[in-house]
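*Asks:* Next comes work16.cif, mmCIF, C-alpha atoms:
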```cif
data_target
#
loop_
_atom_site.label_atom_id
_atom_site.label_comp_id
_atom_site.auth_asym_id
_atom_site.auth_seq_id
_atom_site.Cartn_x
_atom_site.Cartn_y
_atom_site.Cartn_z
CA MET A 1 137.36 109.88 90.46
CA LYS A 2 136.72 110.79 94.05
CA ALA A 3 133.78 108.52 94.81
CA LYS A 4 135.72 105.50 93.69
CA ASP A 5 138.69 106.39 95.93
CA LEU A 6 136.40 106.87 98.88
CA ALA A 7 134.64 103.59 98.15
CA ARG A 8 138.04 101.88 98.05
CA GLN A 9 138.93 103.40 101.41
CA LEU A 10 135.65 102.19 102.85
CA GLN A 11 136.22 98.73 101.44
CA GLY A 12 139.78 98.76 102.81
CA ARG A 13 138.46 99.45 106.28
CA PHE A 14 135.85 96.64 106.09
CA PRO A 15 137.44 94.16 103.68
CA ARG A 16 135.50 91.13 104.84
CA GLN A 17 132.06 92.74 104.97
CA LEU A 18 132.17 94.89 101.84
CA GLY A 19 132.34 93.71 98.25
CA GLU A 20 134.36 95.34 95.47
CA PRO A 21 133.07 98.80 94.48
CA ALA A 22 131.07 98.41 91.29
CA GLU A 23 130.73 101.22 88.78
CA PHE A 24 127.69 101.63 86.58
CA ARG A 25 127.17 104.76 84.47
CA GLY A 26 129.52 106.73 86.68
CA GLU A 27 127.85 105.71 89.95
CA ILE A 28 129.66 103.66 92.55
CA SER A 29 127.95 100.96 94.58
CA VAL A 30 129.29 98.74 97.32
CA GLU A 31 127.46 95.78 98.76
CA LEU A 32 127.53 94.99 102.44
CA SER A 33 127.22 91.29 103.14
CA ASP A 34 126.06 91.51 106.73
CA PRO A 35 123.27 94.05 107.40
CA GLU A 36 124.02 93.91 111.13
CA GLN A 37 127.22 95.88 110.48
CA VAL A 38 125.47 98.76 108.76
CA ILE A 39 125.93 101.18 111.67
CA GLU A 40 129.71 100.67 111.83
CA VAL A 41 130.10 101.06 108.07
CA CYS A 42 127.88 104.13 107.93
CA ARG A 43 129.58 105.77 110.92
CA PHE A 44 132.99 105.29 109.34
CA ALA A 45 131.68 106.60 106.01
CA LYS A 46 130.29 109.68 107.69
CA GLU A 47 132.97 110.48 110.25
CA SER A 48 136.15 109.43 108.46
CA LEU A 49 135.26 109.69 104.78
CA GLY A 50 133.05 112.78 104.96
CA PHE A 51 129.77 111.34 103.70
CA ASP A 52 127.86 113.89 105.73
CA PHE A 53 124.67 113.89 103.69
CA LEU A 54 122.27 110.96 103.58
CA LEU A 55 120.37 111.45 100.31
CA ASP A 56 117.96 108.59 100.71
CA ILE A 57 117.33 105.12 102.00
CA THR A 58 115.14 102.92 99.87
CA GLY A 59 114.03 99.34 99.93
CA VAL A 60 113.62 96.93 97.04
CA ASP A 61 111.46 93.84 97.08
CA LEU A 62 113.44 91.28 95.08
CA CYS A 63 110.33 89.12 95.23
CA ARG A 64 111.30 85.54 94.42
CA GLU A 65 115.02 85.96 95.21
CA THR A 66 116.52 85.16 98.58
CA PRO A 67 117.32 87.17 100.60
CA ARG A 68 114.18 89.07 99.67
CA TRP A 69 114.88 92.64 100.78
CA LEU A 70 117.50 94.96 99.35
CA ILE A 71 118.05 98.08 101.42
CA VAL A 72 119.86 100.84 99.57
CA TYR A 73 121.63 103.78 101.24
CA GLU A 74 122.47 106.77 99.06
CA LEU A 75 125.36 108.68 100.62
CA TYR A 76 126.77 111.99 99.52
CA SER A 77 129.78 113.99 100.55
CA LEU A 78 129.15 117.70 100.16
CA ALA A 79 132.85 118.53 100.54
CA ALA A 80 134.12 115.97 98.04
CA ARG A 81 130.98 116.14 95.87
CA ALA A 82 131.01 112.38 95.79
CA HIS A 83 128.06 110.03 95.69
CA LEU A 84 128.22 106.48 97.02
CA ARG A 85 125.57 103.78 97.10
CA LEU A 86 125.61 101.21 99.85
CA LYS A 87 123.45 98.12 99.43
CA THR A 88 122.66 95.34 101.82
CA ARG A 89 120.33 92.36 101.63
CA VAL A 90 118.01 91.32 104.42
CA PRO A 91 116.32 87.90 104.50
CA GLU A 92 112.54 87.79 104.72
CA GLU A 93 112.48 85.63 107.85
CA LYS A 94 114.40 88.30 109.71
CA SER A 95 113.07 91.49 108.03
CA GLU A 96 115.04 93.56 110.50
CA LEU A 97 118.28 95.53 110.55
CA PRO A 98 119.84 98.21 112.76
CA SER A 99 118.67 101.77 112.35
CA VAL A 100 121.18 104.43 111.28
CA THR A 101 119.24 107.27 112.88
CA ASN A 102 122.10 107.73 115.33
CA VAL A 103 124.47 108.36 112.42
CA TRP A 104 122.25 110.60 110.30
CA ARG A 105 119.07 112.09 111.77
CA ALA A 106 117.70 112.18 108.24
CA ALA A 107 117.35 108.41 108.29
CA ASP A 108 114.30 108.70 110.55
CA TRP A 109 111.57 109.22 107.95
CA HIS A 110 113.28 107.13 105.27
CA GLU A 111 113.30 104.15 107.59
CA ARG A 112 109.70 104.76 108.56
CA GLU A 113 108.78 104.74 104.89
CA ILE A 114 110.52 101.41 104.32
CA TRP A 115 108.74 99.97 107.35
CA ASP A 116 105.43 101.28 106.06
CA MET A 117 105.83 100.19 102.46
CA LEU A 118 107.80 96.94 102.77
CA GLY A 119 107.52 95.90 106.39
CA VAL A 120 111.23 95.81 107.15
CA ARG A 121 111.85 96.80 110.75
CA PHE A 122 114.70 99.04 111.92
CA ARG A 123 116.04 98.11 115.32
CA GLY A 124 116.77 101.10 117.54
CA HIS A 125 114.62 103.52 115.54
CA PRO A 126 113.24 106.19 117.91
CA ASP A 127 109.71 106.23 116.47
CA LEU A 128 108.99 103.43 114.01
CA ARG A 129 105.43 104.28 112.98
CA ARG A 130 103.80 104.22 109.57
CA ILE A 131 104.44 107.40 107.63
CA LEU A 132 102.29 107.25 104.46
CA MET A 133 99.49 104.79 105.19
CA TRP A 134 97.22 105.39 108.14
CA GLU A 135 97.80 103.97 111.59
CA GLY A 136 96.34 100.49 111.83
CA TYR A 137 96.63 99.62 108.14
CA PRO A 138 97.36 95.89 108.10
CA TYR A 139 99.45 95.52 104.91
CA HIS A 140 102.72 96.73 103.43
CA PRO A 141 101.57 97.84 99.99
CA LEU A 142 104.87 98.12 98.11
CA ARG A 143 105.52 94.39 98.40
CA LYS A 144 105.40 92.73 95.03
CA ASP A 145 102.80 90.22 96.17
CA PHE A 146 100.42 93.01 97.19
CA PRO A 147 97.88 93.84 94.46
CA LEU A 148 97.96 97.37 93.06
CA ALA A 149 94.20 97.61 93.52
CA GLY A 150 94.64 97.05 97.24
CA ARG A 151 92.67 94.90 99.63
CA ALA A 152 89.48 95.60 101.52
CA VAL A 153 90.20 97.22 104.89
CA GLU A 154 87.75 98.48 107.48
CA ILE A 155 88.56 102.02 108.63
CA PRO A 156 86.75 102.91 111.84
CA GLU A 157 86.67 106.69 111.34
CA GLY A 158 86.03 106.84 107.62
CA PRO A 159 84.91 105.00 104.49
CA SER A 160 86.31 101.49 104.31
CA ALA A 161 88.99 100.86 101.72
CA GLU A 162 87.99 98.63 98.83
CA PRO A 163 90.00 97.21 95.96
CA ALA A 164 90.15 99.88 93.26
CA PRO A 165 88.59 98.98 89.89
CA GLN A 166 91.38 98.39 87.41
CA GLU A 167 89.29 98.83 84.22
CA GLY A 168 91.51 96.54 82.21
CA GLY A 169 94.60 98.19 83.74
CA PRO A 170 97.00 98.69 85.43
CA PHE A 171 97.80 101.89 83.62
CA VAL A 172 99.99 101.03 80.67
CA SER A 173 100.99 103.11 77.70
CA ARG A 174 102.66 101.79 74.58
CA PRO A 175 104.71 104.21 72.51
CA GLY A 176 103.98 105.06 68.92
CA GLY A 177 100.32 104.31 68.32
CA PRO A 178 98.56 106.95 66.22
CA ARG A 179 95.41 106.91 68.33
CA ALA A 180 95.08 107.25 72.07
CA ALA A 181 93.10 104.01 72.16
CA ASP A 182 96.12 102.22 70.68
CA ARG A 183 98.60 103.76 73.06
CA GLU A 184 96.48 103.08 76.10
CA PRO A 185 94.81 99.72 75.66
CA ARG A 186 93.22 100.06 79.04
CA ALA A 187 89.61 100.73 78.19
CA ARG A 188 89.37 97.71 75.89
CA PRO A 189 91.38 94.50 75.76
CA VAL A 190 94.57 94.82 73.72
CA GLY A 191 93.48 92.35 71.03
CA GLU A 192 90.24 94.16 70.37
CA ALA A 193 91.94 97.49 69.76
CA GLU A 194 94.35 95.89 67.31
CA GLU A 195 91.60 94.17 65.34
CA GLU A 196 89.87 97.45 64.66
CA ALA A 197 92.98 99.28 63.49
CA MET B 198 50.95 150.36 94.92
CA ALA B 199 48.63 152.56 92.96
CA GLU B 200 50.73 155.53 93.92
CA LEU B 201 53.89 153.80 92.67
CA ASP B 202 52.32 153.03 89.34
CA TYR B 203 51.69 156.69 88.60
CA ASP B 204 54.63 158.36 90.30
CA ARG B 205 56.63 159.69 87.37
CA LYS B 206 59.63 160.56 89.54
CA ILE B 207 60.49 156.91 90.12
CA GLU B 208 58.94 155.43 87.02
CA GLY B 209 61.58 153.44 85.14
CA ASN B 210 63.58 152.87 88.30
CA VAL B 211 61.33 150.23 89.74
CA VAL B 212 61.57 146.55 88.92
CA VAL B 213 58.76 144.32 90.00
CA THR B 214 59.66 140.74 90.80
CA ARG B 215 59.05 137.95 93.26
CA LEU B 216 60.69 138.11 96.67
CA GLU B 217 62.02 134.59 96.28
CA ALA B 218 63.77 135.47 93.03
CA VAL B 219 65.46 138.44 94.68
CA VAL B 220 66.57 136.44 97.70
CA ASN B 221 67.96 133.70 95.49
CA TRP B 222 69.63 136.29 93.30
CA PHE B 223 71.49 137.53 96.37
CA ARG B 224 72.28 134.01 97.46
CA LYS B 225 73.64 132.79 94.19
CA TYR B 226 76.12 135.65 93.97
CA SER B 227 77.50 135.05 97.43
CA VAL B 228 78.45 131.40 97.39
CA TRP B 229 81.58 131.27 99.47
CA PRO B 230 83.85 128.33 98.70
CA MET B 231 85.72 126.14 101.12
CA PRO B 232 88.84 125.36 99.08
CA MET B 233 89.56 121.70 99.81
CA GLY B 234 92.76 121.81 97.75
CA LEU B 235 94.30 118.37 98.01
CA SER B 236 96.57 118.25 94.97
CA CYS B 237 97.27 119.80 91.58
CA CYS B 238 93.64 120.75 90.88
CA ALA B 239 94.09 123.29 93.66
CA ILE B 240 96.48 125.19 91.38
CA GLU B 241 93.71 125.58 88.81
CA LEU B 242 91.37 126.56 91.63
CA MET B 243 93.81 129.32 92.55
CA ALA B 244 94.02 130.33 88.90
CA ALA B 245 90.23 130.64 88.89
CA GLY B 246 90.62 133.08 91.75
CA GLY B 247 93.27 135.11 89.93
CA SER B 248 92.67 138.16 87.78
CA ARG B 249 92.62 136.38 84.43
CA PHE B 250 89.63 134.15 85.23
CA ASP B 251 88.40 136.06 88.25
CA ILE B 252 85.88 133.99 90.12
CA ALA B 253 84.86 137.26 91.81
CA ARG B 254 82.71 137.97 88.74
CA PHE B 255 80.43 135.26 90.09
CA GLY B 256 80.63 136.35 93.70
CA ALA B 257 82.55 133.30 94.82
CA GLU B 258 85.94 134.86 95.46
CA VAL B 259 85.66 134.75 99.22
CA MET B 260 87.64 131.59 99.91
CA ARG B 261 86.97 130.74 103.51
CA PHE B 262 89.49 128.52 105.21
CA SER B 263 87.02 127.96 108.00
CA PRO B 264 84.23 125.52 107.15
CA ARG B 265 81.88 127.46 109.41
CA GLN B 266 81.86 130.45 107.06
CA SER B 267 81.60 128.65 103.73
CA ASP B 268 78.81 127.40 101.49
CA VAL B 269 80.39 125.20 98.83
CA MET B 270 83.21 122.77 99.35
CA ILE B 271 85.38 122.49 96.25
CA VAL B 272 87.19 119.19 96.55
CA ALA B 273 90.17 119.77 94.28
CA GLY B 274 92.40 116.74 94.06
CA ALA B 275 92.85 113.11 94.96
CA VAL B 276 91.27 112.11 98.25
CA THR B 277 93.23 109.38 99.99
CA TYR B 278 91.62 107.04 102.47
CA LYS B 279 93.77 108.67 105.11
CA MET B 280 92.26 112.06 104.24
CA ALA B 281 88.69 110.95 103.54
CA HIS B 282 87.37 111.16 107.07
CA VAL B 283 89.02 114.56 107.51
CA VAL B 284 87.20 115.84 104.42
CA ARG B 285 83.95 114.45 105.77
CA ARG B 286 84.54 116.09 109.13
CA ILE B 287 85.19 119.49 107.57
CA TYR B 288 82.04 119.07 105.49
CA ASP B 289 80.08 118.24 108.62
CA GLN B 290 81.24 121.52 110.17
CA MET B 291 79.87 123.59 107.30
CA PRO B 292 76.49 125.17 108.06
CA GLU B 293 73.45 124.37 105.93
CA PRO B 294 72.70 125.05 103.15
CA LYS B 295 75.88 123.63 101.63
CA TRP B 296 77.05 122.18 98.36
CA VAL B 297 79.95 120.12 97.09
CA VAL B 298 81.85 120.42 93.82
CA ALA B 299 84.07 117.47 92.91
CA MET B 300 86.75 119.18 90.86
CA GLY B 301 88.71 117.00 88.47
CA ALA B 302 89.00 113.33 87.67
CA CYS B 303 90.53 112.30 91.00
CA ALA B 304 87.90 113.87 93.22
CA SER B 305 85.12 112.59 90.96
CA THR B 306 86.22 108.99 90.43
CA GLY B 307 89.72 108.44 91.79
CA GLY B 308 91.06 109.38 88.36
CA MET B 309 94.26 107.72 87.34
CA TYR B 310 94.88 106.56 90.90
CA ARG B 311 93.40 103.08 90.70
CA SER B 312 95.33 102.19 93.77
CA TYR B 313 95.15 100.93 97.30
CA ALA B 314 95.55 104.37 98.82
CA VAL B 315 93.01 106.55 97.01
CA LEU B 316 89.28 106.86 97.60
CA GLN B 317 87.54 106.08 94.30
CA GLY B 318 85.48 109.24 94.17
CA VAL B 319 84.65 111.70 96.93
CA ASP B 320 80.94 110.89 96.44
CA ARG B 321 81.59 107.88 98.64
CA VAL B 322 81.74 110.26 101.61
CA LEU B 323 80.03 113.48 100.47
CA PRO B 324 76.84 114.29 98.52
CA VAL B 325 78.37 115.82 95.38
CA ASP B 326 76.30 118.38 93.47
CA VAL B 327 78.53 119.12 90.49
CA TYR B 328 81.29 117.01 88.97
CA VAL B 329 83.93 118.78 86.90
CA ALA B 330 85.75 116.72 84.29
CA GLY B 331 89.42 117.31 83.50
CA CYS B 332 92.86 116.49 84.76
CA PRO B 333 93.09 119.18 85.95
CA PRO B 334 90.02 121.08 84.70
CA ARG B 335 90.58 124.49 83.18
CA PRO B 336 89.46 127.38 85.38
CA GLU B 337 86.64 127.98 82.88
CA ALA B 338 85.35 124.50 83.67
CA LEU B 339 85.26 125.35 87.35
CA LEU B 340 83.45 128.59 86.56
CA ASP B 341 80.96 126.58 84.54
CA ALA B 342 80.42 124.31 87.52
CA LEU B 343 79.85 127.36 89.69
CA MET B 344 77.33 128.74 87.21
CA ARG B 345 75.46 125.44 87.22
CA LEU B 346 75.42 125.55 90.98
CA GLN B 347 74.11 129.11 90.83
CA ALA B 348 71.34 128.01 88.49
CA ARG B 349 70.38 125.39 91.03
CA VAL B 350 70.43 127.91 93.87
CA ALA B 351 68.27 130.28 91.84
CA ARG B 352 65.59 127.59 91.46
CA GLU B 353 65.44 126.73 95.15
CA PRO B 354 62.10 127.46 96.85
CA ILE B 355 63.94 129.25 99.62
CA LEU B 356 60.94 130.97 101.23
CA ARG B 357 59.10 127.71 101.72
CA LYS B 358 62.24 126.24 103.21
CA LEU B 359 62.73 129.15 105.58
CA LYS B 360 59.19 128.75 106.88
CA ARG B 361 59.70 125.08 107.53
CA PRO B 362 61.01 124.25 111.02
CA GLY B 363 64.41 122.65 111.38
CA PRO B 364 67.61 123.03 109.37
CA ILE B 365 67.38 124.17 105.76
CA LEU B 366 68.32 120.95 104.09
CA PRO B 367 68.41 120.78 100.33
CA GLU B 368 66.20 118.07 98.85
CA GLY B 369 67.49 114.54 99.15
CA LYS B 370 70.47 115.57 101.18
CA SER B 371 69.60 114.23 104.58
CA ARG B 372 72.51 112.53 106.24
#
```
Would you mind giving the structure from this file in structure tokens?
*Replies:*
Amino acid sequence: MKAKDLARQLQGRFPRQLGEPAEFRGEISVELSDPEQVIEVCRFAKESLGFDFLLDITGVDLCRETPRWLIVYELYSLAARAHLRLKTRVPEEKSELPSVTNVWRAADWHEREIWDMLGVRFRGHPDLRRILMWEGYPYHPLRKDFPLAGRAVEIPEGPSAEPAPQEGGPFVSRPGGPRAADREPRARPVGEAEEEA
Amino acid sequence: MAELDYDRKIEGNVVVTRLEAVVNWFRKYSVWPMPMGLSCCAIELMAAGGSRFDIARFGAEVMRFSPRQSDVMIVAGAVTYKMAHVVRRIYDQMPEPKWVVAMGACASTGGMYRSYAVLQGVDRVLPVDVYVAGCPPRPEALLDALMRLQARVAREPILRKLKRPGPILPEGKSR
């Protein structure tokens, strides 16, 4: 298995910073203990191991765990056809780590998205602006403590944002019910729908 | 007039009607849409323009991508807060008289997007004339909306409005 060999090589180069490669359903993940080293690890992965394609960078809000943020790098080697996942945890107090835009240009928008959605900053990013929400939006909506309905925000040029009506939601769907009202207990409370059936 | 009544050469080729009805008849078959295609409803909007459904049968095939040449804005899709003021601005650039069709659940009410990012109905920024249900609506539903709009245009007292000074604002549509 090529990805595993490459992950071993990466771990051999950074034995203190990287954990053992873990395999889950054929996918290899390595965890980086110190997010400050992410540039060195990524540069070695790209230049020496051939991970020339950055598939994605995502962020996870681990909510009540510390450190709170999990930043996930999905690397791919087109030549070796190998996929490797690199994870690193960032504490909430810091909420900052180095940008890898100098390693892969593709990191630019991914990092902007994480900044926009979670509020984790990327040091050395050339243009760290919001990418999905509008300029001046005060929250980071993908945080777990942010309500799905949103919060009221004044928008100078347009209609002000208001919390969306949830109508008994959020949107949930249970499998198996014979009627749509049973599968989607959104319009009425769950108990009421069951009593009728 | 008396001559017309008895001229056998053109008898049977003359229809007598009111001027207003004729003018409105022209108007209702030349409603040019501004396709405000914001998400998947726009695909059904395009289907309505295709040969199978053929919105040209109702004279509304001339999709104008300039607001200055269009009469009805078809808002097809979810309007985000980020987009809302852009939609409003394009609407403001359309000349009077103008109408708005909210096509689909998202444009009408926010639809399934009960979220922080989506405007809960485009009627918060625009005066909507016809709402079309569906997610997305079938092209027939859009054609039905267009026909309802045409029925409204046909009833408009256009001559009285033309005589009135100032812009031709439909009733209750002042900004």
*Asks:* Using all atoms listed in the file, which of B:Leu323, B:Leu316, B:Cys237, B:Leu356 sits nearest chain A?
*Replies:*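 Of B:Leu323, B:Leu316, B:Cys237, B:Leu356, the one nearest chain A, counting all atoms listed in the file, is B:Leu316.
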*Asks:* From (112.5, 100.1, 115.5), in the file's coordinates, out to 9 Å: which residues are reached, counting only C-alpha atoms? Answer as a list in words.
*Replies:* Glu96, Leu97, Pro98, Ser99, Glu111, Arg112, Trp115, Arg121, Phe122, Arg123, Gly124, His125, Pro126, Asp127, Leu128 and Arg129 of chain A
*Asks:* I need the chain B residues near chain A as a PyMOL selection string; criterion: at most 10 Å, counting only C-alpha atoms.
*Replies:* chain B and resi 277-286+307+309-317+321-322
*Asks:* With C-alpha atoms retained, write the just-selected residues as a tab-separated table (two decimals), in the coordinates of the input.
*Replies:*
```tsv
chain	number	residue	atom	x	y	z
B	277	THR	CA	93.23	109.38	99.99
B	278	TYR	CA	91.62	107.04	102.47
B	279	LYS	CA	93.77	108.67	105.11
B	280	MET	CA	92.26	112.06	104.24
B	281	ALA	CA	88.69	110.95	103.54
B	282	HIS	CA	87.37	111.16	107.07
B	283	VAL	CA	89.02	114.56	107.51
B	284	VAL	CA	87.20	115.84	104.42
B	285	ARG	CA	83.95	114.45	105.77
B	286	ARG	CA	84.54	116.09	109.13
B	307	GLY	CA	89.72	108.44	91.79
B	309	MET	CA	94.26	107.72	87.34
B	310	TYR	CA	94.88	106.56	90.90
B	311	ARG	CA	93.40	103.08	90.70
B	312	SER	CA	95.33	102.19	93.77
B	313	TYR	CA	95.15	100.93	97.30
B	314	ALA	CA	95.55	104.37	98.82
B	315	VAL	CA	93.01	106.55	97.01
B	316	LEU	CA	89.28	106.86	97.60
B	317	GLN	CA	87.54	106.08	94.30
B	321	ARG	CA	81.59	107.88	98.64
B	322	VAL	CA	81.74	110.26	101.61
```
*Asks:* What gap, in Å, lies between CA of Phe262 (chain B) and CA of Lys225 (chain B)?
*Replies:* 19.8 Å
*Asks:* Mind checking which residues fall within 7 Å of region 335-341 of chain B, counting all atoms listed in the file, ignoring those fewer than 2 positions away in the same chain, and posting them as a VMD selection string?
*Replies:* chain B and resid 241 to 242 244 to 245 250 252 329 333 343 to 345
*Asks:* If the PyMOL selection byres ((chain A and resi 18-27) around 12) were run on this exact file, what residues would it hold? Put them as a ChimeraX atom specification.
*Replies:* /A:1-17,28-35,37-38,40-42,74-76,82-88
*Asks:* Could you give me the centre and size, in Å to one decimal, of an axis-aligned box around all listed atoms of region 258-263 of chain B with 4 Å added on every side, as JSON?
*Replies:*
```
{"center_x": 87.6, "center_y": 131.4, "center_z": 101.7, "size_x": 11.8, "size_y": 14.9, "size_z": 20.5}
```
*Asks:* If you apply the PyMOL selection byres ((chain B and resi 292) around 9) to this file, what residues do you get, as a short mmCIF file (atom, residue, chain, number, x, y, z; two decimals) with C-alpha atoms, in the coordinates of the input?
*Replies:*
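Dumped to selection14.cif:
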```cif
data_model
loop_
_atom_site.label_atom_id
_atom_site.label_comp_id
_atom_site.auth_asym_id
_atom_site.auth_seq_id
_atom_site.Cartn_x
_atom_site.Cartn_y
_atom_site.Cartn_z
CA PRO B 264 84.23 125.52 107.15
CA ARG B 265 81.88 127.46 109.41
CA GLN B 266 81.86 130.45 107.06
CA SER B 267 81.60 128.65 103.73
CA ASP B 268 78.81 127.40 101.49
CA TYR B 288 82.04 119.07 105.49
CA ASP B 289 80.08 118.24 108.62
CA GLN B 290 81.24 121.52 110.17
CA MET B 291 79.87 123.59 107.30
CA GLU B 293 73.45 124.37 105.93
CA PRO B 294 72.70 125.05 103.15
CA LYS B 295 75.88 123.63 101.63
#
```
*Asks:* Mind pulling up the distance from CA of Pro232 (chain B) to CA of Arg130 (chain A)?
*Replies:*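 Interatomic distance here is 27.9 Å.
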*Asks:* From the options B:Met260, B:Ile287, B:Ala273, B:Val213, which residue's atoms come nearest to Leu235 (chain B), counting all atoms listed in the file?
*Replies:*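 Between B:Met260, B:Ile287, B:Ala273, B:Val213, the residue approaching Leu235 (chain B) most closely is B:Ala273.
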*Asks:* For a test of reading the model, state the distance in Å between CA of Glu258 (chain B) and CA of Val350 (chain B), rounded to one decimal.
*Replies:* 17.1 Å
*Asks:* On this structure, the PyMOL selection byres ((chain B and resi 305) around 9) would catch which residues? List them as a PDB file with C-alpha atoms, in the coordinates of the input, sorted by chain and number.
*Replies:*
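Once written, selection23.pdb looks like this:
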```
ATOM      1  CA  VAL B 272      87.190 119.190  96.550  1.00  0.00           C
ATOM      2  CA  GLY B 274      92.400 116.740  94.060  1.00  0.00           C
ATOM      3  CA  ALA B 275      92.850 113.110  94.960  1.00  0.00           C
ATOM      4  CA  VAL B 298      81.850 120.420  93.820  1.00  0.00           C
ATOM      5  CA  ALA B 299      84.070 117.470  92.910  1.00  0.00           C
ATOM      6  CA  MET B 300      86.750 119.180  90.860  1.00  0.00           C
ATOM      7  CA  GLY B 301      88.710 117.000  88.470  1.00  0.00           C
ATOM      8  CA  ALA B 302      89.000 113.330  87.670  1.00  0.00           C
ATOM      9  CA  CYS B 303      90.530 112.300  91.000  1.00  0.00           C
ATOM     10  CA  ALA B 304      87.900 113.870  93.220  1.00  0.00           C
ATOM     11  CA  THR B 306      86.220 108.990  90.430  1.00  0.00           C
ATOM     12  CA  GLY B 307      89.720 108.440  91.790  1.00  0.00           C
ATOM     13  CA  GLY B 308      91.060 109.380  88.360  1.00  0.00           C
ATOM     14  CA  GLN B 317      87.540 106.080  94.300  1.00  0.00           C
ATOM     15  CA  GLY B 318      85.480 109.240  94.170  1.00  0.00           C
ATOM     16  CA  VAL B 319      84.650 111.700  96.930  1.00  0.00           C
ATOM     17  CA  ASP B 320      80.940 110.890  96.440  1.00  0.00           C
ATOM     18  CA  VAL B 325      78.370 115.820  95.380  1.00  0.00           C
ATOM     19  CA  TYR B 328      81.290 117.010  88.970  1.00  0.00           C
ATOM     20  CA  VAL B 329      83.930 118.780  86.900  1.00  0.00           C
ATOM     21  CA  ALA B 330      85.750 116.720  84.290  1.00  0.00           C
TER      22      ALA B 330
END
```
